[in-house]
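Engineer: File follows, structure.pdb with PDB, C-alpha atoms:
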MODEL        1
ATOM      1  CA  PHE A1032      -2.597  -1.022 -20.559
ATOM      2  CA  ALA A1033      -5.962   0.493 -19.639
ATOM      3  CA  ALA A1034      -5.981  -1.336 -16.314
ATOM      4  CA  GLN A1035      -2.364  -0.448 -15.554
ATOM      5  CA  ARG A1036      -2.984   3.247 -16.212
ATOM      6  CA  HIS A1037      -6.372   3.197 -14.426
ATOM      7  CA  VAL A1038      -8.083   4.621 -17.505
ATOM      8  CA  LEU A1039     -11.489   3.380 -16.324
ATOM      9  CA  THR A1040     -11.115   5.304 -13.054
ATOM     10  CA  TYR A1041     -10.602   8.569 -14.913
ATOM     11  CA  MET A1042     -13.349   7.875 -17.433
ATOM     12  CA  GLU A1043     -15.837   7.217 -14.631
ATOM     13  CA  ASP A1044     -14.759  10.363 -12.791
ATOM     14  CA  ALA A1045     -14.963  12.454 -15.969
ATOM     15  CA  VAL A1046     -18.482  11.217 -16.724
ATOM     16  CA  SER A1047     -19.508  11.855 -13.125
ATOM     17  CA  GLN A1048     -18.170  15.414 -13.327
ATOM     18  CA  LEU A1049     -19.936  15.851 -16.653
ATOM     19  CA  LEU A1050     -23.307  14.783 -15.255
ATOM     20  CA  GLU A1051     -22.964  16.922 -12.130
ATOM     21  CA  ASN A1052     -22.096  20.033 -14.138
ATOM     22  CA  ARG A1053     -23.954  19.409 -17.377
ATOM     23  CA  GLU A1054     -25.716  22.779 -17.342
ATOM     24  CA  ASP A1055     -22.457  24.722 -17.254
ATOM     25  CA  ILE A1056     -20.673  22.355 -19.631
ATOM     26  CA  SER A1057     -23.420  22.677 -22.235
ATOM     27  CA  GLN A1058     -22.355  26.271 -22.781
ATOM     28  CA  TYR A1059     -18.990  25.356 -24.298
ATOM     29  CA  GLY A1060     -19.317  21.733 -25.299
ATOM     30  CA  ILE A1061     -18.576  18.228 -24.095
ATOM     31  CA  ALA A1062     -15.474  17.845 -26.270
ATOM     32  CA  ARG A1063     -13.818  20.839 -24.625
ATOM     33  CA  PHE A1064     -14.677  19.507 -21.164
ATOM     34  CA  PHE A1065     -13.030  16.139 -21.826
ATOM     35  CA  THR A1066      -9.999  17.880 -23.321
ATOM     36  CA  GLU A1067      -9.546  20.071 -20.260
ATOM     37  CA  TYR A1068     -10.211  17.196 -17.877
ATOM     38  CA  PHE A1069      -7.581  14.882 -19.322
ATOM     39  CA  ASN A1070      -5.116  17.733 -19.722
ATOM     40  CA  SER A1071      -5.468  18.342 -15.993
ATOM     41  CA  VAL A1072      -4.896  14.611 -15.357
ATOM     42  CA  ARG A1073      -1.744  14.737 -17.464
ATOM     43  CA  GLN A1074      -0.499  17.863 -15.687
ATOM     44  CA  GLY A1075      -1.351  16.476 -12.236
ATOM     45  CA  THR A1076      -3.676  19.322 -11.242
ATOM     46  CA  HIS A1077      -6.808  17.180 -11.305
ATOM     47  CA  ILE A1078      -6.441  16.240  -7.623
ATOM     48  CA  LEU A1079      -6.718  19.804  -6.300
ATOM     49  CA  PHE A1080      -9.503  20.241  -3.743
ATOM     50  CA  ARG A1081     -10.872  16.775  -4.458
ATOM     51  CA  GLU A1082     -12.084  14.250  -1.890
ATOM     52  CA  PHE A1083      -9.514  11.917  -0.329
ATOM     53  CA  SER A1084     -11.058   8.814  -1.884
ATOM     54  CA  PHE A1085     -10.197  10.222  -5.317
ATOM     55  CA  VAL A1086      -6.782  11.585  -4.316
ATOM     56  CA  GLN A1087      -5.618   8.139  -3.208
ATOM     57  CA  ALA A1088      -7.445   6.194  -5.941
ATOM     58  CA  THR A1089      -4.460   5.673  -8.297
ATOM     59  CA  PRO A1090      -0.657   5.833  -8.069
ATOM     60  CA  HIS A1091      -0.708   8.775 -10.489
ATOM     61  CA  ASN A1092      -3.119  10.644  -8.224
ATOM     62  CA  ARG A1093      -0.905  10.024  -5.205
ATOM     63  CA  ALA A1094       2.234  11.145  -7.033
ATOM     64  CA  SER A1095       0.403  14.230  -8.317
ATOM     65  CA  PHE A1096      -0.725  15.106  -4.796
ATOM     66  CA  LEU A1097       2.809  14.723  -3.438
ATOM     67  CA  ARG A1098       4.211  16.924  -6.204
ATOM     68  CA  THR A1099       1.520  19.548  -5.676
ATOM     69  CA  PHE A1100       2.068  19.607  -1.912
ATOM     70  CA  TRP A1101       5.802  20.102  -2.459
ATOM     71  CA  ARG A1102       5.368  22.878  -5.044
ATOM     72  CA  CYS A1103       2.781  24.757  -2.976
ATOM     73  CA  PHE A1104       4.562  24.661   0.378
ATOM     74  CA  ARG A1105       8.279  24.289  -0.370
ATOM     75  CA  THR A1106       8.796  27.871   0.795
ATOM     76  CA  VAL A1107       7.939  26.665   4.302
ATOM     77  CA  GLY A1108      11.402  25.122   4.421
ATOM     78  CA  LYS A1109      13.126  27.606   2.130
ATOM     79  CA  ASN A1110      12.463  30.915   3.871
ATOM     80  CA  GLY A1111      12.823  32.238   7.369
ATOM     81  CA  GLY A1112      15.175  31.882  10.282
ATOM     82  CA  LYS A1113      16.592  28.936  12.140
ATOM     83  CA  TYR A1114      13.318  27.576  13.526
ATOM     84  CA  SER A1115      10.724  29.131  11.232
ATOM     85  CA  ASN A1116      10.591  26.059   8.964
ATOM     86  CA  LEU A1117       9.800  23.663  11.818
ATOM     87  CA  LEU A1118       6.157  22.675  12.176
ATOM     88  CA  THR A1119       4.174  20.131  14.173
ATOM     89  CA  ALA A1120       2.224  17.252  12.672
ATOM     90  CA  GLN A1121      -1.031  19.148  13.246
ATOM     91  CA  GLU A1122       0.315  22.156  11.335
ATOM     92  CA  TYR A1123       1.427  19.989   8.424
ATOM     93  CA  HIS A1124      -2.000  18.400   8.453
ATOM     94  CA  CYS A1125      -3.581  21.837   8.096
ATOM     95  CA  LEU A1126      -1.464  22.402   4.974
ATOM     96  CA  LEU A1127      -2.594  19.061   3.569
ATOM     97  CA  GLN A1128      -6.213  19.989   4.185
ATOM     98  CA  LEU A1129      -5.791  23.129   2.104
ATOM     99  CA  LEU A1130      -5.371  20.799  -0.884
ATOM    100  CA  CYS A1131      -7.661  17.978   0.286
ATOM    101  CA  PRO A1132     -10.207  19.112   2.906
ATOM    102  CA  ASP A1133     -11.016  15.599   4.193
ATOM    103  CA  PHE A1134      -7.432  14.324   4.324
ATOM    104  CA  PRO A1135      -7.284  11.884   7.279
ATOM    105  CA  ILE A1136      -5.203  12.898  10.293
ATOM    106  CA  GLU A1137      -4.084   9.264  10.760
ATOM    107  CA  LEU A1138      -1.807   9.372   7.715
ATOM    108  CA  THR A1139      -0.218  12.610   8.892
ATOM    109  CA  GLN A1140       0.422  11.166  12.334
ATOM    110  CA  LYS A1141       1.938   8.001  10.870
ATOM    111  CA  ALA A1142       4.287  10.081   8.726
ATOM    112  CA  ALA A1143       5.294  12.067  11.823
ATOM    113  CA  ARG A1144       6.101   8.838  13.682
ATOM    114  CA  ILE A1145       8.531   7.885  10.922
ATOM    115  CA  VAL A1146      10.449  11.126  11.464
ATOM    116  CA  LEU A1147      10.247  11.025  15.240
ATOM    117  CA  MET A1148      10.835   7.255  15.489
ATOM    118  CA  ASP A1149       7.457   6.668  17.192
ATOM    119  CA  ASP A1150       8.089   9.380  19.797
ATOM    120  CA  ALA A1151       5.574  12.101  20.648
ATOM    121  CA  VAL A1152       3.975  13.318  17.420
ATOM    122  CA  ASP A1153       3.633  16.914  18.667
ATOM    123  CA  CYS A1154       7.357  17.636  18.242
ATOM    124  CA  LEU A1155       8.627  20.024  15.570
ATOM    125  CA  MET A1156       9.802  18.665  12.223
ATOM    126  CA  SER A1157      11.546  20.236   9.257
ATOM    127  CA  PHE A1158       9.699  20.407   5.948
ATOM    128  CA  SER A1159      12.142  18.097   4.157
ATOM    129  CA  ASP A1160      12.043  15.439   6.893
ATOM    130  CA  PHE A1161       8.257  15.419   6.976
ATOM    131  CA  LEU A1162       7.877  15.523   3.186
ATOM    132  CA  PHE A1163       9.985  12.457   2.446
ATOM    133  CA  ALA A1164       8.438  10.509   5.328
ATOM    134  CA  PHE A1165       4.981  11.526   4.168
ATOM    135  CA  GLN A1166       5.828  10.390   0.642
ATOM    136  CA  ILE A1167       6.618   6.866   1.844
ATOM    137  CA  GLN A1168       3.588   6.690   4.126
ATOM    138  CA  PHE A1169       1.087   8.080   1.630
ATOM    139  CA  TYR A1170       2.252   6.453  -1.613
ATOM    140  CA  TYR A1171       3.009   3.026  -0.108
ATOM    141  CA  SER A1172       0.246   3.049   2.516
ATOM    142  CA  GLU A1173      -1.093  -0.469   1.881
ATOM    143  CA  PHE A1174       2.419  -1.895   1.574
ATOM    144  CA  LEU A1175       3.404  -0.456   4.964
ATOM    145  CA  GLU A1176       0.345  -1.968   6.624
ATOM    146  CA  SER A1177       1.434  -5.410   5.450
ATOM    147  CA  VAL A1178       5.035  -4.703   6.486
ATOM    148  CA  ALA A1179       3.841  -3.811   9.987
ATOM    149  CA  ALA A1180       1.975  -7.132  10.280
ATOM    150  CA  ILE A1181       5.021  -9.102   9.066
ATOM    151  CA  TYR A1182       7.327  -7.260  11.461
ATOM    152  CA  GLN A1183       5.122  -7.987  14.462
ATOM    153  CA  ASP A1184       4.999 -11.686  13.562
ATOM    154  CA  LEU A1185       8.788 -11.868  13.256
ATOM    155  CA  LEU A1186       9.264  -9.975  16.491
ATOM    156  CA  ALA A1187       6.980 -12.448  18.275
ATOM    157  CA  GLY A1188       8.929 -15.401  16.871
ATOM    158  CA  LYS A1189       6.292 -16.386  14.328
ATOM    159  CA  ASN A1190       6.928 -17.252  10.722
ATOM    160  CA  PRO A1191       4.530 -15.275   8.505
ATOM    161  CA  ASN A1192       3.538 -17.959   6.010
ATOM    162  CA  THR A1193       0.818 -15.849   4.404
ATOM    163  CA  VAL A1194       0.996 -12.305   3.137
ATOM    164  CA  ILE A1195      -1.951 -10.197   4.194
ATOM    165  CA  VAL A1196      -2.594  -7.346   1.784
ATOM    166  CA  PRO A1197      -5.034  -4.795   3.198
ATOM    167  CA  THR A1198      -7.564  -2.976   1.084
ATOM    168  CA  SER A1199      -7.150   0.746   0.557
ATOM    169  CA  SER A1200     -10.141   1.469   2.789
ATOM    170  CA  SER A1201      -8.824  -0.585   5.683
ATOM    171  CA  GLY A1202      -5.324   0.780   5.322
ATOM    172  CA  GLN A1203      -6.322   4.388   5.748
ATOM    173  CA  HIS A1204      -8.235   3.990   9.011
ATOM    174  CA  ARG A1205      -6.494   1.181  10.866
ATOM    175  CA  GLN A1206      -4.100   2.329  13.539
ATOM    176  CA  ARG A1207      -0.622   0.863  13.300
ATOM    177  CA  GLN A1208      -0.027  -1.241  16.391
ATOM    178  CA  PRO A1209       3.483  -1.141  17.864
ATOM    179  CA  PRO A1210       5.243  -4.475  18.367
ATOM    180  CA  SER A1211       4.302  -6.095  21.668
ATOM    181  CA  ASP A1212       7.531  -8.011  22.315
ATOM    182  CA  CYS A1213       9.237  -7.465  25.667
ATOM    183  CA  ASN A1214      12.379  -6.047  24.008
ATOM    184  CA  PRO A1215      11.427  -4.376  20.727
ATOM    185  CA  LEU A1216      14.552  -2.211  20.635
ATOM    186  CA  ASP A1217      16.594  -5.088  19.154
ATOM    187  CA  GLY A1218      14.375  -5.288  16.099
ATOM    188  CA  VAL A1219      14.372  -8.264  13.739
ATOM    189  CA  GLU A1220      16.963  -9.967  11.585
ATOM    190  CA  ALA A1221      17.365  -7.989   8.380
ATOM    191  CA  SER A1222      17.905 -10.964   6.057
ATOM    192  CA  LEU A1223      14.788 -12.795   7.240
ATOM    193  CA  PHE A1224      12.833  -9.574   7.096
ATOM    194  CA  TYR A1225      13.855  -9.069   3.483
ATOM    195  CA  GLN A1226      12.790 -12.590   2.505
ATOM    196  CA  CYS A1227       9.282 -11.826   3.740
ATOM    197  CA  LEU A1228       9.215  -8.415   2.052
ATOM    198  CA  GLU A1229      10.435  -9.851  -1.238
ATOM    199  CA  SER A1230       7.524 -12.268  -1.210
ATOM    200  CA  LEU A1231       5.189  -9.405  -0.334
ATOM    201  CA  CYS A1232       6.415  -7.277  -3.246
ATOM    202  CA  ASP A1233       5.944 -10.185  -5.661
ATOM    203  CA  ARG A1234       2.382 -10.927  -4.552
ATOM    204  CA  SER A1235       0.996  -7.499  -3.665
ATOM    205  CA  LYS A1236      -1.344  -5.793  -6.117
ATOM    206  CA  TYR A1237      -0.578  -2.409  -4.572
ATOM    207  CA  SER A1238       2.422  -0.152  -5.099
ATOM    208  CA  CYS A1239       5.649  -1.384  -3.510
ATOM    209  CA  PRO A1240       9.202  -0.011  -3.521
ATOM    210  CA  PRO A1241      11.541  -1.836  -5.942
ATOM    211  CA  SER A1242      12.674  -5.013  -4.186
ATOM    212  CA  ALA A1243      16.300  -4.439  -5.228
ATOM    213  CA  LEU A1244      16.307  -1.078  -3.443
ATOM    214  CA  VAL A1245      14.617  -2.589  -0.381
ATOM    215  CA  LYS A1246      17.361  -5.224  -0.291
ATOM    216  CA  GLU A1247      19.981  -2.495  -0.523
ATOM    217  CA  VAL A1248      18.404  -0.648   2.405
ATOM    218  CA  LEU A1249      18.253  -3.783   4.551
ATOM    219  CA  SER A1250      21.815  -4.829   3.691
ATOM    220  CA  THR A1251      23.266  -1.973   5.735
ATOM    221  CA  ALA A1252      22.374  -3.581   9.089
ATOM    222  CA  GLN A1253      22.069  -7.036  10.613
ATOM    223  CA  ARG A1254      19.017  -6.122  12.673
ATOM    224  CA  LEU A1255      16.627  -3.202  12.519
ATOM    225  CA  THR A1256      13.424  -1.902  14.027
ATOM    226  CA  PHE A1257      10.209  -1.187  12.169
ATOM    227  CA  TYR A1258      10.496   2.589  12.315
ATOM    228  CA  GLY A1259      14.201   2.364  11.561
ATOM    229  CA  PHE A1260      13.269   0.577   8.348
ATOM    230  CA  LEU A1261      10.648   3.191   7.433
ATOM    231  CA  LEU A1262      13.087   6.020   8.112
ATOM    232  CA  ALA A1263      15.676   4.335   5.898
ATOM    233  CA  LEU A1264      13.097   4.085   3.101
ATOM    234  CA  ALA A1265      12.239   7.770   3.496
ATOM    235  CA  LYS A1266      15.889   8.828   3.291
ATOM    236  CA  ASP A1267      16.822   6.594   0.367
ATOM    237  CA  GLN A1268      17.210   8.739  -2.761
ATOM    238  CA  GLY A1269      17.036   5.694  -5.010
ATOM    239  CA  ILE A1270      13.497   4.960  -3.846
ATOM    240  CA  ASN A1271      12.650   8.644  -4.195
ATOM    241  CA  ARG A1272      13.850   8.655  -7.821
ATOM    242  CA  ALA A1273      12.002   5.428  -8.580
ATOM    243  CA  LEU A1274       8.780   6.952  -7.301
ATOM    244  CA  GLY A1275       9.388  10.093  -9.372
ATOM    245  CA  ALA A1276       7.163  12.576  -7.545
ATOM    246  CA  LEU A1277       9.756  14.664  -5.687
ATOM    247  CA  PRO A1278      13.215  15.979  -6.597
ATOM    248  CA  ASP A1279      16.379  14.928  -4.781
ATOM    249  CA  LYS A1280      16.797  16.396  -1.321
ATOM    250  CA  GLY A1281      19.494  18.762  -2.547
ATOM    251  CA  ASP A1282      17.076  20.238  -5.103
ATOM    252  CA  LEU A1283      14.036  20.224  -2.852
ATOM    253  CA  PHE A1284      13.730  24.001  -2.668
ATOM    254  CA  LEU A1285      14.446  24.579  -6.361
ATOM    255  CA  ASP A1286      11.562  24.889  -8.800
ATOM    256  CA  PRO A1287      12.593  27.198 -11.673
ATOM    257  CA  ALA A1288       9.291  26.875 -13.510
ATOM    258  CA  MET A1289       7.267  27.854 -10.443
ATOM    259  CA  ASP A1290       9.713  30.633  -9.536
ATOM    260  CA  GLN A1291       9.382  32.064 -13.037
ATOM    261  CA  GLU A1292       5.594  32.073 -12.809
ATOM    262  CA  LEU A1293       5.762  33.757  -9.392
ATOM    263  CA  GLU A1294       8.115  36.426 -10.749
ATOM    264  CA  LYS A1295       5.663  37.145 -13.566
ATOM    265  CA  LEU A1296       2.780  37.468 -11.110
ATOM    266  CA  VAL A1297       4.795  39.766  -8.828
ATOM    267  CA  ALA A1298       5.758  41.925 -11.803
ATOM    268  CA  GLN A1299       2.122  42.169 -12.879
ATOM    269  CA  VAL A1300       0.953  43.108  -9.390
ATOM    270  CA  SER A1301       3.744  45.684  -9.091
ATOM    271  CA  GLY A1302       2.780  47.166 -12.442
ATOM    272  CA  LEU A1303      -0.858  47.457 -11.428
ATOM    273  CA  SER A1304      -0.004  49.099  -8.114
ATOM    274  CA  ILE A1305       1.840  51.968  -9.798
ATOM    275  CA  SER A1306      -0.536  54.775 -10.705
ATOM    276  CA  ALA A1307      -0.466  55.721 -14.368
ATOM    277  CA  PRO A1308       1.279  59.089 -15.041
ATOM    278  CA  THR A1309      -0.633  61.849 -16.762
ATOM    279  CA  SER A1310       0.360  63.675 -19.918
ATOM    280  CA  SER A1311       1.034  67.405 -20.123
ATOM    281  CA  SER A1312      -2.559  68.009 -21.205
ATOM    282  CA  GLY A1313      -3.846  66.384 -18.045
ATOM    283  CA  ASP A1314      -5.106  63.263 -19.775
ATOM    284  CA  THR A1315      -3.947  59.896 -18.707
ATOM    285  CA  ALA A1316      -1.109  58.635 -20.880
ATOM    286  CA  ASN A1317      -1.960  55.761 -23.147
ATOM    287  CA  PHE A1318       0.008  52.645 -22.399
ATOM    288  CA  PRO A1319      -0.297  49.300 -24.097
ATOM    289  CA  VAL A1320      -2.567  46.987 -22.171
ATOM    290  CA  ARG A1321      -0.726  43.938 -20.867
ATOM    291  CA  ASN A1322      -2.784  40.797 -21.076
ATOM    292  CA  SER A1323      -2.215  38.574 -18.063
ATOM    293  CA  PRO A1324      -1.641  34.897 -18.836
ATOM    294  CA  ARG A1325      -4.629  32.696 -18.304
ATOM    295  CA  ILE A1326      -3.987  29.890 -15.866
ATOM    296  CA  ASN A1327      -6.101  26.818 -16.393
ATOM    297  CA  SER A1328      -7.551  25.440 -13.193
ATOM    298  CA  PRO A1329      -8.843  21.915 -12.717
ATOM    299  CA  TRP A1330     -12.568  21.359 -13.021
ATOM    300  CA  LYS A1331     -14.215  21.999  -9.685
ATOM    301  CA  PRO A1332     -17.135  19.844  -8.519
ATOM    302  CA  LEU A1333     -20.531  21.435  -8.429
ATOM    303  CA  HIS A1334     -20.789  21.441  -4.642
ATOM    304  CA  HIS A1335     -17.905  23.921  -4.421
ATOM    305  CA  ARG A1336     -19.776  26.440  -6.571
ATOM    306  CA  GLN A1337     -23.012  25.787  -4.678
ATOM    307  CA  LYS A1338     -21.201  26.520  -1.442
ATOM    308  CA  MET A1339     -19.804  29.751  -2.877
ATOM    309  CA  ASP A1340     -23.255  30.758  -4.139
ATOM    310  CA  ALA A1341     -24.763  30.094  -0.733
ATOM    311  CA  GLU A1342     -22.090  32.221   0.944
ATOM    312  CA  SER A1343     -22.715  34.970  -1.591
ATOM    313  CA  GLU A1344     -26.454  34.921  -0.934
ATOM    314  CA  GLY A1345     -25.791  35.022   2.792
ATOM    315  CA  SER A1346     -23.591  38.078   2.442
ATOM    316  CA  ASN A1347     -26.287  39.839   0.361
ATOM    317  CA  GLU A1348     -28.859  39.153   3.061
ATOM    318  CA  GLU A1349     -26.580  40.673   5.666
ATOM    319  CA  THR A1350     -26.086  43.742   3.491
ATOM    320  CA  ASP A1351     -29.836  44.116   2.991
ATOM    321  CA  SER A1352     -30.523  43.804   6.681
ATOM    322  CA  SER A1353     -27.865  46.379   7.506
ATOM    323  CA  GLU A1354     -29.383  48.840   5.059
ATOM    324  CA  ASN A1355     -32.766  48.395   6.677
TER     325      ASN A1355
ENDMDL
END
Rewrite the structure from the file as structure tokens, please.

Structural biologist:
Amino acid sequence: FAAQRHVLTYMEDAVSQLLENREDISQYGIARFFTEYFNSVRQGTHILFREFSFVQATPHNRASFLRTFWRCFRTVGKNGGKYSNLLTAQEYHCLLQLLCPDFPIELTQKAARIVLMDDAVDCLMSFSDFLFAFQIQFYYSEFLESVAAIYQDLLAGKNPNTVIVPTSSSGQHRQRQPPSDCNPLDGVEASLFYQCLESLCDRSKYSCPPSALVKEVLSTAQRLTFYGFLLALAKDQGINRALGALPDKGDLFLDPAMDQELEKLVAQVSGLSISAPTSSSGDTANFPVRNSPRINSPWKPLHHRQKMDAESEGSNEETDSSEN
């Protein structure tokens, strides 16, 4: 159970955070730190502003990142006019970097190629199209690298006798090579392709889509191309439900819990912006003080605070110099 849930990964990260921030943590206790840390893991907020190596370290981290990306930027597709919700791959990558500063551009480009069927990656894409393609590419990254190798072997007339499972480090940097056959538009035979993928799913130690759902996707055509297969995975709602990070496409722009929190924040800001009326005696009327809800944020690594302190010191120096 501990290995399946990657408990050791979180324990090591918690201890690392504890050692890096022990001076601050000593003020309120180690027990409280561990409580807040694992509450953030349970809620899925622990991946915010963390390095990519940690964001992709476990399936739970990847699902949490997908869910957070959707909740933060779903209004990109919800609001605006006809073309206002269309962005390029580079623009989507900028949104990803707001949550994970060192998120690799390669994964964003690969997700864009799924939507655009390997066409130019600088074309505009809707938020929903990119999100579901990005989900497949990011969550099943290692699986897709092996699928690409199998597809190229089949397209070249080879029989892939061995299943090559890439490591997470190699999967994130290696560029996906397009098939080199003289006529790649015909694709490969779907039934043979599934036999290889079924073996891959059985032997792979990384996350794979349920083989029954993969079979269902491949059963709709006799032959298919690599990017046609990836697009079918991205559009399949059964695979989306099995992964469990995002809602169905019809509910993609609905998030009642988040909307309720936003309404509360807007109401609070509106209340603060209204000047308090005065009484007949000229004194300010006494109104009950409304306590704003406290929102727990995930523990931030020490280097973030050091960076903020450095910026603060720099701004003070500028102020001093201006006064002189």

Engineer: Tell me which of A:Cys1227, A:Val1107, A:Leu1138, A:Val1072 sits closest to A:Ala1094, counting only C-alpha atoms.

Structural biologist: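 Closest to A:Ala1094, using only C-alpha atoms: A:Val1072.
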
Engineer: Would you mind telling me which residue in A:Phe1161, A:Tyr1041, A:Tyr1059, A:Phe1174 lies nearest to A:Cys1232 when using all atoms listed in the file?

Structural biologist: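 Closest candidate: A:Phe1174.
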
Engineer: What would the list of residues within 12 Å of (5.7, 22.5, -4.8) (file frame) look like as a PDB file with C-alpha atoms, keeping the file's coordinate frame, if only C-alpha atoms are what count?

Structural biologist:
ATOM      1  CA  GLY A1075      -1.351  16.476 -12.236  1.00  0.00           C
ATOM      2  CA  THR A1076      -3.676  19.322 -11.242  1.00  0.00           C
ATOM      3  CA  SER A1095       0.403  14.230  -8.317  1.00  0.00           C
ATOM      4  CA  PHE A1096      -0.725  15.106  -4.796  1.00  0.00           C
ATOM      5  CA  LEU A1097       2.809  14.723  -3.438  1.00  0.00           C
ATOM      6  CA  ARG A1098       4.211  16.924  -6.204  1.00  0.00           C
ATOM      7  CA  THR A1099       1.520  19.548  -5.676  1.00  0.00           C
ATOM      8  CA  PHE A1100       2.068  19.607  -1.912  1.00  0.00           C
ATOM      9  CA  TRP A1101       5.802  20.102  -2.459  1.00  0.00           C
ATOM     10  CA  ARG A1102       5.368  22.878  -5.044  1.00  0.00           C
ATOM     11  CA  CYS A1103       2.781  24.757  -2.976  1.00  0.00           C
ATOM     12  CA  PHE A1104       4.562  24.661   0.378  1.00  0.00           C
ATOM     13  CA  ARG A1105       8.279  24.289  -0.370  1.00  0.00           C
ATOM     14  CA  THR A1106       8.796  27.871   0.795  1.00  0.00           C
ATOM     15  CA  VAL A1107       7.939  26.665   4.302  1.00  0.00           C
ATOM     16  CA  GLY A1108      11.402  25.122   4.421  1.00  0.00           C
ATOM     17  CA  LYS A1109      13.126  27.606   2.130  1.00  0.00           C
ATOM     18  CA  LEU A1130      -5.371  20.799  -0.884  1.00  0.00           C
ATOM     19  CA  PHE A1158       9.699  20.407   5.948  1.00  0.00           C
ATOM     20  CA  SER A1159      12.142  18.097   4.157  1.00  0.00           C
ATOM     21  CA  LEU A1162       7.877  15.523   3.186  1.00  0.00           C
ATOM     22  CA  ALA A1276       7.163  12.576  -7.545  1.00  0.00           C
ATOM     23  CA  LEU A1277       9.756  14.664  -5.687  1.00  0.00           C
ATOM     24  CA  PRO A1278      13.215  15.979  -6.597  1.00  0.00           C
ATOM     25  CA  ASP A1282      17.076  20.238  -5.103  1.00  0.00           C
ATOM     26  CA  LEU A1283      14.036  20.224  -2.852  1.00  0.00           C
ATOM     27  CA  PHE A1284      13.730  24.001  -2.668  1.00  0.00           C
ATOM     28  CA  LEU A1285      14.446  24.579  -6.361  1.00  0.00           C
ATOM     29  CA  ASP A1286      11.562  24.889  -8.800  1.00  0.00           C
ATOM     30  CA  PRO A1287      12.593  27.198 -11.673  1.00  0.00           C
ATOM     31  CA  ALA A1288       9.291  26.875 -13.510  1.00  0.00           C
ATOM     32  CA  MET A1289       7.267  27.854 -10.443  1.00  0.00           C
ATOM     33  CA  ASP A1290       9.713  30.633  -9.536  1.00  0.00           C
TER      34      ASP A1290
END

Engineer: Using atom CA of A:Asn1052 and atom CA of A:His1091 as the two end points, give the distance in Å to one decimal.

Structural biologist: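 Going from atom CA of A:Asn1052 over to atom CA of A:His1091, I get 24.4 Å.
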
Engineer: For atom CA of A:Gln1166 and atom CA of A:Ala1045, determine how far apart the two atoms are, in Å to one decimal place.

Structural biologist: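 Answer for the atom CA of A:Gln1166 to atom CA of A:Ala1045 separation: 26.7 Å.
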
Engineer: Run the PyMOL selection byres ((chain A and resi 1147) around 12) on the file and write out the hits as a PDB file with C-alpha atoms, keeping the file's coordinate frame.

Structural biologist:
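As written to disk, result-v8.pdb reads:
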ATOM      1  CA  THR A1119       4.174  20.131  14.173  1.00  0.00           C
ATOM      2  CA  ALA A1120       2.224  17.252  12.672  1.00  0.00           C
ATOM      3  CA  GLN A1140       0.422  11.166  12.334  1.00  0.00           C
ATOM      4  CA  LYS A1141       1.938   8.001  10.870  1.00  0.00           C
ATOM      5  CA  ALA A1142       4.287  10.081   8.726  1.00  0.00           C
ATOM      6  CA  ALA A1143       5.294  12.067  11.823  1.00  0.00           C
ATOM      7  CA  ARG A1144       6.101   8.838  13.682  1.00  0.00           C
ATOM      8  CA  ILE A1145       8.531   7.885  10.922  1.00  0.00           C
ATOM      9  CA  VAL A1146      10.449  11.126  11.464  1.00  0.00           C
ATOM     10  CA  MET A1148      10.835   7.255  15.489  1.00  0.00           C
ATOM     11  CA  ASP A1149       7.457   6.668  17.192  1.00  0.00           C
ATOM     12  CA  ASP A1150       8.089   9.380  19.797  1.00  0.00           C
ATOM     13  CA  ALA A1151       5.574  12.101  20.648  1.00  0.00           C
ATOM     14  CA  VAL A1152       3.975  13.318  17.420  1.00  0.00           C
ATOM     15  CA  ASP A1153       3.633  16.914  18.667  1.00  0.00           C
ATOM     16  CA  CYS A1154       7.357  17.636  18.242  1.00  0.00           C
ATOM     17  CA  LEU A1155       8.627  20.024  15.570  1.00  0.00           C
ATOM     18  CA  MET A1156       9.802  18.665  12.223  1.00  0.00           C
ATOM     19  CA  SER A1157      11.546  20.236   9.257  1.00  0.00           C
ATOM     20  CA  ASP A1160      12.043  15.439   6.893  1.00  0.00           C
ATOM     21  CA  PHE A1161       8.257  15.419   6.976  1.00  0.00           C
ATOM     22  CA  ALA A1164       8.438  10.509   5.328  1.00  0.00           C
ATOM     23  CA  TYR A1258      10.496   2.589  12.315  1.00  0.00           C
ATOM     24  CA  GLY A1259      14.201   2.364  11.561  1.00  0.00           C
ATOM     25  CA  LEU A1261      10.648   3.191   7.433  1.00  0.00           C
ATOM     26  CA  LEU A1262      13.087   6.020   8.112  1.00  0.00           C
TER      27      LEU A1262
END

Engineer: Atom CA of A:Asn1092 and atom CA of A:Gln1058, how far apart in Å?

Structural biologist: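 Atom CA of A:Gln1058 sits 28.7 Å away from atom CA of A:Asn1092.
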
Engineer: Counting all atoms listed in the file, figure out which residue out of A:Val1046, A:Leu1126, A:Cys1131, A:Ala1243 gets nearest to A:Ile1078.

Structural biologist: A:Cys1131

Engineer: Kindly indicate which residue among A:Leu1296, A:Leu1049, A:Ile1181, A:Ala1265 lies nearest to A:Ser1230, using only C-alpha atoms for the distances.

Structural biologist: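 Of the candidates, the smallest distance to A:Ser1230 is held by A:Ile1181.
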